[in-house]
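Visitor: Let me begin by handing over the structure; questions about it come next.
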Amino acid sequence: MDALVFCFCLALGLIHAMEDEVLKRRRVPPHIVFVMVDDQGYNDIGYHGSEIHTPMLDQLAGEGVKLENYYVQPICSPSRSQLMTGRYQIHTGLQHSIIRARQPLCLPPDIPTLPGRLRQAGYSTHMVGKWHLGFCRPECLPTSRGFQSFLGSLTGSGDHFSFQSCDGTEACGFDLHDGDRPAWELSGNYSTRIYTERVKEILRGHDQRTPLFLYVALQAVHTPLQAPGHLLRRYQNLGNRPRRHYAAMVSGVDESVGEIVSELRERGYYDNSVLIYSSDNGGQPLSGGCNWPLRGGKGSYWEGGVRAVGFVHSPLLKRKGVVSQALIHVSDWYPTLLSLAGYRQSDLSHLDGQDVWGAISSGLPCPRTEILFNIDPVSRRHGESDPRLLNLNGFGIWDTGVRAAIRAGDWKLLTGNVGDGDWFPPQTMPGGPQQWQGMEKRRDQRGKSVWLFNITADPYERVDLAEARPEVVKMLLTRLAEYNRTAVPPRNPPDDPMADPQLHGGVWTPWLGQEEAGDEGDNEEPDNINRKPRSKSTCRVCKLKALFKKVGTHMQRAALFL
């Protein structure tokens with residue numbers, strides 16, 4: 001009997017110890033892996049009916065929550081800036097276009113970032129992949145904006161093997177960085193492979209008692225369209241060459257995410273992890289992407305440019321294997337992830353993003369009912385003002401020549417030049433762009449400056465209701481005007497010739513010292529790196545070299561026309 005009592009007590013003690021261990025693990029905030037893919041179209045994933053094979057992504061999405069009312073921005077930098085800050089572009093001064101490689105511009109250093117706040121919440125933060133949020137000064141780099149480590153590219157695009165990146169035709173340089181140094185030794189390897197291996201290396205070396213934030217911003221599937229041979233061979237029967245290479249790159253992404261999840265399982269992270277998968281904008285039909293049946297594509301505010309592939313996979317989800325129709329925007333990840341991390345500071349009240357975890361995990365009502373896609377006053381060229389666009393089309397409320405888009409509830413309003421509104425059915429490009437067949441041309445853009453759609457009833461934007469529902473148009477124009485009153489001035493400085501990589505050892509790298517940083521405010525991030533400013537004599541030499549090169553480039557161009 002004593003032996004039985006002893007065994008019972010021993011077993012009970014083991015059970016309590018195991019329960020304590022489970023509770024201890026649960027007290028650690030979840031490990032967060034955010035995978036952002038570059039230029040993946042709405043139709044470019046298996047569960048949307050694509051011919052591209054994505055078995056791992058399909059499985060992860062099927063076991064998690066598919067986000068089918070999920071929006072991003074139409075181009076790279078805007079989506080990334082809103083992920084990092086939780087703020088609309090009109091509140092960061094980045095309303096216009098992307099941040100170009102030679103622009104003396106970056107994410108405002110006085111605005112706190114997601115990794116910076118996560119570090120304050122006790123997280124270890126690491127970034128792998130494409131930054132594209134400016135790098136003109138050292139304090140603009142990822143390792144100065146909250147990330148403890150960084151392996152990736154600073155510009156918007158580059159060769160996936162050589163990592164040569166060009167801004168225009170006259171400024172080219174190497175763009176793969178490990179921390180603040182160029183990673184020359186990795187040249188020749190495929191970008192997706194390099195980034196996957198670094199993620200696995202981080203997972204193997206991390207102390208799991210500290211919560212981990214991994215931002216995996218893959219360079220794929222952005223042009224140039226390149227993939228290893230073993231991936232290309234899977235699609236050798238696809239007659240369209242751009243689509244074949246694009247499909248191979250998507251399959252590479254599928255493999256990469258599968259390997260990352262396997263590593264999470266093997267290393268014991270998985271049970272306390274949250275994986276978010278998101279494209280940064282719609283696909284580019286000119287470069288193999290497909291957003292069918294949505295209208296438009298990358299660079300436009302039509303659904304094909306802003307409605308994204310997205311899902312959440314996590315054992316911590318209260319609902320799994322479901323499709324969510326909650327209205328979610330890329331800016332929502334900032335407060336959502338900080339809430340998951342246990343960050344409870346009051347400085348989240350001024351954000352444009354909403355905490356949507358309850359809507360995703362539990363199916364609760366979504367706090368978001370409206371999305372301002374953008375207001376871009378720079379999109380109108382100087383001298384293009386037409387009083388009719390304000391007084392007639394805009395009902396005296398809003399100048400409809402300004403590029404803007406907003407969604408409120410079921411309704412979506414667009415004004416100005418919102419981008420190419422064609423529909424691109426699958427396989428319309430058998431021989432390349434010059435031989436497109438079957439492309440559906442838009443019929444409602446000529447001479448128009450305002451469109452209205454009921455997106456819930458008409459997600460493909462085929463029935464313009466602007467004339468039939470003027471009261472809704474007025475309501476949404478009023479909302480644009482109200483948002484515009486909160487906007488900061490857009491920052492869109494001209495390119496700086498001193499950024500030329502040939503002045504910096506053939507590498508894209510910060511070129512401005514701190515004395516040239518302007519008055520944008522101090523960096524509040526906890527891991528800000530202070531570096532010595534460039535000496536004035538060095539700056540003068542750089543300026544002279546840049547001037548001579550610029551003059552030489554203009555002379556070469558002029559010679560072509562002689």
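We label chains A, B, ... in the order they appear in the structure tokens, count residues from 1 in each chain, and number ligands from 1 in the order shown.
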Neighbouring residues of Leu372 of chain A were defined as those with any atom within 12 Å, considering only C-alpha atoms; residues of the same chain fewer than 3 positions away were excluded. Please report them as JSON, numbers by chain.
Guide: {"A": [71, 72, 73, 82, 87, 88, 89, 90, 91, 95, 301, 306, 328, 329, 330, 331, 352, 353, 368, 369, 375, 376, 403, 404, 405, 406, 407, 408, 409, 411, 412, 413, 414, 476, 477, 479, 480, 481, 482, 483, 484, 487]}
Visitor: If you run DSSP on the backbone here, which positions in segment 27-259 of chain A get alpha helix (DSSP H)? Please write them as JSON, numbers by chain.
Guide: {"A": [27, 55, 56, 57, 58, 59, 60, 61, 62, 63, 76, 77, 78, 79, 80, 81, 82, 83, 84, 85, 114, 115, 116, 117, 118, 119, 120, 191, 192, 193, 194, 195, 196, 197, 198, 199, 200, 201, 202, 203, 204, 205, 229, 230, 231, 232, 241, 242, 243, 244, 245, 246, 247, 248, 249, 250, 251, 252, 253, 254, 255, 256, 257, 258, 259]}
Visitor: Ranking A:Tyr42, A:Trp184, A:Trp451, A:Tyr277 by minimum distance to Phe163 of chain A and counting only C-alpha atoms, which one comes first?
Guide: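 Ranked by minimum distance to Phe163 of chain A, first place goes to A:Trp184.
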Visitor: Of the candidates A:Glu303, A:Asp495, A:Trp508, A:Pro78, which one gets nearest to Asn454 of chain A if we count only C-alpha atoms?
Guide: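 Result for the nearest residue to Asn454 of chain A: A:Glu303.
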Visitor: Which residues are near segment 216-229 of chain A? Cut-off 8 Å, only C-alpha atoms, ignore same chain within fewer than 6 positions. Put them as a tab-separated table (two decimals) with C-alpha atoms, in the first residue's frame.
Guide:
chain	number	residue	atom	x	y	z
A	33	VAL	CA	7.40	35.19	-37.65
A	34	PHE	CA	6.19	37.67	-40.25
A	35	VAL	CA	6.79	36.59	-43.85
A	36	MET	CA	6.34	39.35	-46.43
A	37	VAL	CA	6.55	38.27	-50.08
A	38	ASP	CA	7.32	40.76	-52.83
A	39	ASP	CA	4.78	41.24	-55.67
A	40	GLN	CA	2.80	38.01	-55.24
A	127	MET	CA	15.29	40.95	-39.99
A	128	VAL	CA	16.13	38.95	-43.10
A	129	GLY	CA	15.42	40.23	-46.63
A	130	LYS	CA	14.34	43.46	-48.31
A	131	TRP	CA	14.23	46.73	-46.34
A	157	SER	CA	15.12	45.30	-56.29
A	158	GLY	CA	18.24	43.57	-57.54
A	159	ASP	CA	19.68	40.48	-59.14
A	160	HIS	CA	18.76	37.41	-57.07
A	190	TYR	CA	20.05	32.54	-54.67
A	191	SER	CA	18.42	35.19	-52.49
A	192	THR	CA	15.56	33.01	-51.20
A	195	TYR	CA	17.51	34.21	-46.44
A	199	VAL	CA	16.41	32.29	-40.57
A	242	PRO	CA	7.73	35.28	-67.68
A	245	HIS	CA	10.02	31.96	-64.17
A	246	TYR	CA	7.56	33.70	-61.88
A	248	ALA	CA	9.29	28.87	-60.19
A	249	MET	CA	10.04	31.76	-57.84
A	250	VAL	CA	6.70	31.31	-56.04
A	252	GLY	CA	10.81	28.69	-54.07
A	253	VAL	CA	8.89	30.82	-51.58
A	287	SER	CA	6.15	40.42	-65.12
